[in-house]
Amino acid sequence: MDPPHSQGICHSWMVLPWNDGSGIGNGSFGIFKTRNSAGLSLRWRCFGESSSLPWEIPEGFVIPGEAVVPVANCDVREYNSNPKEQLPFKEFVEYWRECIGNGHRSPRGCLYLKDWHLSRAFPEQDVYTTPVYFSSDWLNEYWDAAAGDDFRFVYMGPKGSWTPFHADVFRSYSWSANVCGRKRWLLYPAGHEEFLRDRHGNLPFDVTAPDLRDERIYPRSGRSQPPLEILQEAGEIVFIPSGWHHQVHNLEDTISINHNWVNGCNVAAMWSFLQDELAAVQRELGQWRDPMDDWHLQCQLIMKSCTGIDYKEFYNFLRVVAENRISVLEKGLDEESSSQRNSKAAISALGMLHAVFDLKRAAQVLSSLSANEDFRRLGPAGLGPAPEALLQRLQAAIDTALL
């Protein structure tokens, strides 16, 4: 199908087939990331050049049946999502087998194991290796070390399971690899979702619903172009750019890896999103601005509860990313914690120029954050080095590296 157009900008996409194993160059893929305008599907041989299958379970890999996993019911709508429950992995597998045996029907509804932090739950297991195109990953670099969290997920669902219309956390990039099965993706370029809001400003739950064409409910829907549609086969990866809203349907029994990440190409989009989120909170709390002494702190608190991050943590996110790259440029790899060594090894593998590129992008966003009035009101507590000092160190590292 033809790519959609929005506000005069052509949002292109292309399919990149797996060939002799050389794939595409990381520099070529960087074009897609910096333009933020490509839906991308490519074949990825997950384990071993000799394998004829797109996925093999590594030898010794075991998931205990008593492991507890998050499971959504796709047949139930709760606000604009599907309600979740925690189930033993063994129970979900038994449900899935019964569902398949009953023609993909179950009195329990259509259950979908999603957002499972498998890598975090079993760090000793080598769950998967991130493809080189996606290896510059600030998001997981920070959360692995600072918060003991991650944005690496496994999804398992029967035919008919699906994920409602949404955009990804922090307006990050995401990539999704089909271990087995088949998915149908419906994607809208960043900004295009505005045509899909209803009279109250709410986004749709399901973009395939007939009432989306009712302009009494969705007054701007007639201006919307059809979504970009991708059919993803087993062994293929789909790349979702920052801010692209999407909806995903499993056309067969499907297992996939879904991984969110931010880097120098889209960290400015993350910062823009956070500013929009804070502005929305401030509008909602506007009437209490004068009588509430700590109004600005309360806005940050509510923003973090809704979004998962506030301005101070965003500063520390930029600080950790910058300091890791400065350390690699100045000292190389040294004896530190395992997570720090792993992060710095990944940075070193990308090369000095990539580290300098990252520092330049971090400096641009850090400069904007430091000048932001809402950030300046928060004060220096909990920030580590002052933003001005960090910026000076950043610039010095860039200048030294380029000598």
# chains A, B, ... in the order shown; residues from 1 in each chain; ligands from 1
>>> select_by_dssp(residues="stretch 124-299 of chain A", states="helix (DSSP H, G or I)", output="ChimeraX atom specification")
/A:132-134,138-146,169-171,192-196,210-213,221-223,267-284,286-288,295-299
>>> residues_around(residues="stretch 389-402 of chain A", least_positions_apart="6", cutoff="7 Å", atoms="only C-alpha atoms", output="VMD selection string")
chain A and resid 326 356 359 363
>>> write_last_selection(atoms="N, CA and C atoms", output="PDB file, in the first residue's frame")
ATOM      1  N   ILE A 326      31.784   9.542  28.736  1.00  0.00           N
ATOM      2  CA  ILE A 326      32.994  10.277  29.106  1.00  0.00           C
ATOM      3  C   ILE A 326      34.031   9.316  29.680  1.00  0.00           C
ATOM      4  N   VAL A 356      30.983  10.175  20.839  1.00  0.00           N
ATOM      5  CA  VAL A 356      30.989  11.635  20.689  1.00  0.00           C
ATOM      6  C   VAL A 356      29.630  12.122  20.196  1.00  0.00           C
ATOM      7  N   LEU A 359      27.292  12.142  23.076  1.00  0.00           N
ATOM      8  CA  LEU A 359      27.555  13.257  23.986  1.00  0.00           C
ATOM      9  C   LEU A 359      27.017  14.566  23.424  1.00  0.00           C
ATOM     10  N   ALA A 363      24.179  16.689  25.241  1.00  0.00           N
ATOM     11  CA  ALA A 363      24.450  18.082  25.599  1.00  0.00           C
ATOM     12  C   ALA A 363      23.345  19.008  25.104  1.00  0.00           C
TER      13      ALA A 363
END
>>> select_by_dssp(residues="stretch 139-370 of chain A", states="strand (DSSP E)", output="ChimeraX atom specification")
/A:152-157,162-166,173-180,183-188,228-232,236-240,245-250,254-261
>>> residues_around(residues="A:Ala381", least_positions_apart="3", cutoff="12 Å", atoms="only C-alpha atoms", output="JSON, numbers by chain")
{"A": [312, 313, 315, 316, 375, 376, 377, 378, 384, 385, 386, 387]}
>>> write_last_selection(atoms="N, CA and C atoms", output="mmCIF file, in the first residue's frame")
data_model
loop_
_atom_site.group_PDB
_atom_site.id
_atom_site.type_symbol
_atom_site.label_atom_id
_atom_site.label_comp_id
_atom_site.auth_asym_id
_atom_site.auth_seq_id
_atom_site.Cartn_x
_atom_site.Cartn_y
_atom_site.Cartn_z
ATOM 1 N N LYS A 312 13.671 15.455 37.405
ATOM 2 C CA LYS A 312 14.934 15.146 38.079
ATOM 3 C C LYS A 312 15.487 13.796 37.632
ATOM 4 N N GLU A 313 14.606 12.819 37.480
ATOM 5 C CA GLU A 313 15.105 11.521 37.017
ATOM 6 C C GLU A 313 15.560 11.614 35.570
ATOM 7 N N TYR A 315 16.998 14.171 34.264
ATOM 8 C CA TYR A 315 18.350 14.725 34.362
ATOM 9 C C TYR A 315 19.353 13.631 34.720
ATOM 10 N N ASN A 316 19.026 12.819 35.704
ATOM 11 C CA ASN A 316 19.944 11.750 36.109
ATOM 12 C C ASN A 316 20.129 10.715 35.007
ATOM 13 N N PHE A 375 12.147 22.987 35.516
ATOM 14 C CA PHE A 375 13.279 22.238 36.063
ATOM 15 C C PHE A 375 14.061 23.082 37.065
ATOM 16 N N ARG A 376 14.275 24.348 36.757
ATOM 17 C CA ARG A 376 15.061 25.216 37.629
ATOM 18 C C ARG A 376 14.375 25.428 38.978
ATOM 19 N N ARG A 377 13.041 25.370 38.995
ATOM 20 C CA ARG A 377 12.302 25.536 40.248
ATOM 21 C C ARG A 377 12.542 24.378 41.225
ATOM 22 N N LEU A 378 12.977 23.240 40.718
ATOM 23 C CA LEU A 378 13.098 22.052 41.562
ATOM 24 C C LEU A 378 14.306 22.101 42.484
ATOM 25 N N GLY A 384 23.137 15.287 41.902
ATOM 26 C CA GLY A 384 24.544 14.967 41.695
ATOM 27 C C GLY A 384 25.258 16.228 41.241
ATOM 28 N N PRO A 385 26.144 16.156 40.235
ATOM 29 C CA PRO A 385 26.799 17.380 39.770
ATOM 30 C C PRO A 385 25.770 18.349 39.200
ATOM 31 N N ALA A 386 26.013 19.638 39.402
ATOM 32 C CA ALA A 386 25.111 20.657 38.870
ATOM 33 C C ALA A 386 25.079 20.574 37.348
ATOM 34 N N PRO A 387 23.940 20.899 36.735
ATOM 35 C CA PRO A 387 23.842 20.815 35.272
ATOM 36 C C PRO A 387 24.930 21.606 34.556
#
>>> closest_atom_pairs(of="stretch 244-326 of chain A", to="stretch 157-181 of chain A", cutoff="7 Å", atoms="only C-alpha atoms", output="Markdown table")
| residue | atom | partner | partner_atom | distance |
| --- | --- | --- | --- | --- |
| A:Trp244 | CA | A:Ala167 | CA | 5.9 |
| A:His245 | CA | A:Ala167 | CA | 4.3 |
| A:His246 | CA | A:Phe165 | CA | 5.3 |
| A:Gln247 | CA | A:Phe165 | CA | 4.5 |
| A:Val248 | CA | A:Thr163 | CA | 5.2 |
| A:His249 | CA | A:Trp162 | CA | 4.3 |
| A:Asn250 | CA | A:Lys159 | CA | 5.4 |
| A:Leu251 | CA | A:Lys159 | CA | 5.3 |
| A:Glu252 | CA | A:Lys159 | CA | 4.2 |
| A:Asp253 | CA | A:Pro158 | CA | 4.2 |
| A:Thr254 | CA | A:Gly181 | CA | 4.1 |
| A:Ile255 | CA | A:Val179 | CA | 5.3 |
| A:Ser256 | CA | A:Asn178 | CA | 4.4 |
| A:Ile257 | CA | A:Ala177 | CA | 5.1 |
| A:Asn258 | CA | A:Ser176 | CA | 4.4 |
| A:His259 | CA | A:Trp175 | CA | 5.4 |
| A:Asn260 | CA | A:Ser174 | CA | 4.3 |
| A:Trp261 | CA | A:Tyr173 | CA | 5.4 |
| A:Val262 | CA | A:Ser172 | CA | 5.3 |
| A:Ala269 | CA | A:Arg171 | CA | 6.8 |
| A:Met270 | CA | A:Phe170 | CA | 5.5 |
| A:Phe273 | CA | A:Phe170 | CA | 6.7 |
>>> atom_distance(atom1="atom CA of A:Tyr311", atom2="atom CA of A:Asp290")
21.6 Å
>>> atom_distance(atom1="atom CA of A:Gln298", atom2="atom CA of A:Leu366")
22.9 Å
>>> residues_around(residues="A:Val281", least_positions_apart="3", cutoff="10 Å", atoms="only C-alpha atoms", output="list in words")
Asp276, Glu277, Leu278, Glu284, Leu285, Gly286, Gln298, Cys299, Gln300, Leu301, Ile302, Met303 and Cys306 of chain A
>>> write_last_selection(atoms="C-alpha atoms", output="JSON list (two decimals), in the first residue's frame")
[["chain", "number", "residue", "atom", "x", "y", "z"],
["A", 276, "ASP", "CA", 3.91, 17.94, 27.01],
["A", 277, "GLU", "CA", 3.09, 15.54, 29.85],
["A", 278, "LEU", "CA", 3.99, 18.08, 32.54],
["A", 284, "GLU", "CA", -5.42, 19.82, 35.31],
["A", 285, "LEU", "CA", -4.08, 21.27, 38.59],
["A", 286, "GLY", "CA", -4.20, 24.90, 37.49],
["A", 298, "GLN", "CA", 3.07, 17.97, 43.23],
["A", 299, "CYS", "CA", 2.91, 18.34, 39.45],
["A", 300, "GLN", "CA", 6.21, 16.45, 39.15],
["A", 301, "LEU", "CA", 4.93, 13.75, 41.51],
["A", 302, "ILE", "CA", 1.72, 13.23, 39.53],
["A", 303, "MET", "CA", 3.63, 13.30, 36.25],
["A", 306, "CYS", "CA", 1.37, 8.71, 35.24]]
>>> atom_distance(atom1="atom CA of A:Tyr128", atom2="atom CA of A:Ala349")
18.0 Å
>>> closest_residue(among="A:Asp75, A:Asp137, A:Glu194, A:Glu323", to="A:Arg105", atoms="only C-alpha atoms")
A:Asp75
>>> closest_residue(among="A:Arg152, A:Arg108, A:Lys360, A:Arg77", to="A:Cys265", atoms="only C-alpha atoms")
A:Lys360
>>> residues_around(residues="A:His117", least_positions_apart="2", cutoff="10 Å", atoms="only C-alpha atoms", output="list in words")
Val69, Pro70, Lys114, Asp115, Ser119, Arg120, Ala121, Phe122, Asp149, Asp150, Phe151, Arg152, Phe153, Val154, Tyr155 and Asn258 of chain A
>>> residues_around(residues="A:Val71", least_positions_apart="3", cutoff="10 Å", atoms="only C-alpha atoms", output="MDAnalysis selection string")
chainID A and resid 68 74 82:89 92 110:116 155:157
>>> write_last_selection(atoms="N, CA and C atoms", output="PDB file, in the first residue's frame")
ATOM      1  N   VAL A  68       5.659 -16.292  37.763  1.00  0.00           N
ATOM      2  CA  VAL A  68       4.415 -15.521  37.673  1.00  0.00           C
ATOM      3  C   VAL A  68       4.531 -14.520  36.529  1.00  0.00           C
ATOM      4  N   CYS A  74      -8.025  -9.879  26.447  1.00  0.00           N
ATOM      5  CA  CYS A  74      -8.292  -9.062  25.266  1.00  0.00           C
ATOM      6  C   CYS A  74      -9.781  -8.854  25.006  1.00  0.00           C
ATOM      7  N   ASN A  82      -6.655  -3.317  28.334  1.00  0.00           N
ATOM      8  CA  ASN A  82      -7.213  -4.591  28.781  1.00  0.00           C
ATOM      9  C   ASN A  82      -6.744  -4.867  30.204  1.00  0.00           C
ATOM     10  N   PRO A  83      -7.642  -5.283  31.106  1.00  0.00           N
ATOM     11  CA  PRO A  83      -7.229  -5.564  32.487  1.00  0.00           C
ATOM     12  C   PRO A  83      -6.268  -6.741  32.543  1.00  0.00           C
ATOM     13  N   LYS A  84      -5.336  -6.676  33.496  1.00  0.00           N
ATOM     14  CA  LYS A  84      -4.328  -7.721  33.649  1.00  0.00           C
ATOM     15  C   LYS A  84      -4.484  -8.436  34.980  1.00  0.00           C
ATOM     16  N   GLU A  85      -4.032  -9.675  34.991  1.00  0.00           N
ATOM     17  CA  GLU A  85      -3.909 -10.441  36.220  1.00  0.00           C
ATOM     18  C   GLU A  85      -2.561 -11.154  36.205  1.00  0.00           C
ATOM     19  N   GLN A  86      -2.119 -11.590  37.362  1.00  0.00           N
ATOM     20  CA  GLN A  86      -0.867 -12.327  37.487  1.00  0.00           C
ATOM     21  C   GLN A  86      -1.187 -13.819  37.584  1.00  0.00           C
ATOM     22  N   LEU A  87      -0.604 -14.613  36.681  1.00  0.00           N
ATOM     23  CA  LEU A  87      -0.847 -16.050  36.654  1.00  0.00           C
ATOM     24  C   LEU A  87       0.480 -16.805  36.663  1.00  0.00           C
ATOM     25  N   PRO A  88       0.511 -18.018  37.216  1.00  0.00           N
ATOM     26  CA  PRO A  88       1.685 -18.874  37.027  1.00  0.00           C
ATOM     27  C   PRO A  88       1.863 -19.177  35.538  1.00  0.00           C
ATOM     28  N   PHE A  89       3.112 -19.175  35.092  1.00  0.00           N
ATOM     29  CA  PHE A  89       3.384 -19.443  33.682  1.00  0.00           C
ATOM     30  C   PHE A  89       2.781 -20.780  33.250  1.00  0.00           C
ATOM     31  N   PHE A  92      -0.868 -20.420  32.418  1.00  0.00           N
ATOM     32  CA  PHE A  92      -1.116 -19.774  31.129  1.00  0.00           C
ATOM     33  C   PHE A  92      -0.871 -20.742  29.980  1.00  0.00           C
ATOM     34  N   CYS A 110     -10.034 -14.330  25.704  1.00  0.00           N
ATOM     35  CA  CYS A 110      -8.779 -14.371  24.949  1.00  0.00           C
ATOM     36  C   CYS A 110      -7.677 -13.774  25.818  1.00  0.00           C
ATOM     37  N   LEU A 111      -6.854 -14.635  26.396  1.00  0.00           N
ATOM     38  CA  LEU A 111      -5.799 -14.199  27.307  1.00  0.00           C
ATOM     39  C   LEU A 111      -4.485 -14.012  26.558  1.00  0.00           C
ATOM     40  N   TYR A 112      -3.748 -12.977  26.949  1.00  0.00           N
ATOM     41  CA  TYR A 112      -2.527 -12.595  26.242  1.00  0.00           C
ATOM     42  C   TYR A 112      -1.448 -12.292  27.280  1.00  0.00           C
ATOM     43  N   LEU A 113      -0.403 -13.121  27.310  1.00  0.00           N
ATOM     44  CA  LEU A 113       0.751 -12.857  28.162  1.00  0.00           C
ATOM     45  C   LEU A 113       1.539 -11.720  27.516  1.00  0.00           C
ATOM     46  N   LYS A 114       1.624 -10.594  28.209  1.00  0.00           N
ATOM     47  CA  LYS A 114       2.291  -9.439  27.594  1.00  0.00           C
ATOM     48  C   LYS A 114       3.051  -8.631  28.644  1.00  0.00           C
ATOM     49  N   ASP A 115       4.048  -7.900  28.158  1.00  0.00           N
ATOM     50  CA  ASP A 115       4.887  -7.060  29.027  1.00  0.00           C
ATOM     51  C   ASP A 115       5.594  -7.883  30.109  1.00  0.00           C
ATOM     52  N   TRP A 116       6.018  -9.089  29.757  1.00  0.00           N
ATOM     53  CA  TRP A 116       6.732  -9.949  30.695  1.00  0.00           C
ATOM     54  C   TRP A 116       8.215  -9.618  30.637  1.00  0.00           C
ATOM     55  N   TYR A 155       6.113 -11.381  24.710  1.00  0.00           N
ATOM     56  CA  TYR A 155       4.667 -11.486  24.513  1.00  0.00           C
ATOM     57  C   TYR A 155       4.357 -12.887  23.989  1.00  0.00           C
ATOM     58  N   MET A 156       3.310 -13.510  24.517  1.00  0.00           N
ATOM     59  CA  MET A 156       2.849 -14.815  24.044  1.00  0.00           C
ATOM     60  C   MET A 156       1.328 -14.796  24.002  1.00  0.00           C
ATOM     61  N   GLY A 157       0.767 -15.066  22.834  1.00  0.00           N
ATOM     62  CA  GLY A 157      -0.687 -15.021  22.758  1.00  0.00           C
ATOM     63  C   GLY A 157      -1.260 -15.903  21.678  1.00  0.00           C
TER      64      GLY A 157
END
>>> residues_around(residues="A:Pro107", least_positions_apart="5", cutoff="12 Å", atoms="only C-alpha atoms", output="PyMOL selection string")
chain A and resi 73+75+95+98-99+102
>>> write_last_selection(atoms="N, CA and C atoms", output="JSON list (two decimals), in the first residue's frame")
[["chain", "number", "residue", "atom", "x", "y", "z"],
["A", 73, "ASN", "N", -6.66, -9.75, 29.45],
["A", 73, "ASN", "CA", -7.84, -10.33, 28.82],
["A", 73, "ASN", "C", -8.26, -9.43, 27.67],
["A", 75, "ASP", "N", -10.64, -9.62, 25.68],
["A", 75, "ASP", "CA", -12.08, -9.49, 25.47],
["A", 75, "ASP", "C", -12.71, -8.45, 26.39],
["A", 95, "TYR", "N", -3.78, -23.02, 29.70],
["A", 95, "TYR", "CA", -4.90, -22.31, 29.07],
["A", 95, "TYR", "C", -4.71, -22.25, 27.56],
["A", 98, "GLU", "N", -5.42, -25.53, 25.83],
["A", 98, "GLU", "CA", -6.86, -25.80, 25.80],
["A", 98, "GLU", "C", -7.55, -24.90, 24.78],
["A", 99, "CYS", "N", -7.11, -23.65, 24.70],
["A", 99, "CYS", "CA", -7.69, -22.70, 23.75],
["A", 99, "CYS", "C", -7.48, -23.17, 22.32],
["A", 102, "ASN", "N", -9.63, -26.08, 21.44],
["A", 102, "ASN", "CA", -11.06, -25.75, 21.34],
["A", 102, "ASN", "C", -11.33, -24.75, 20.22]]
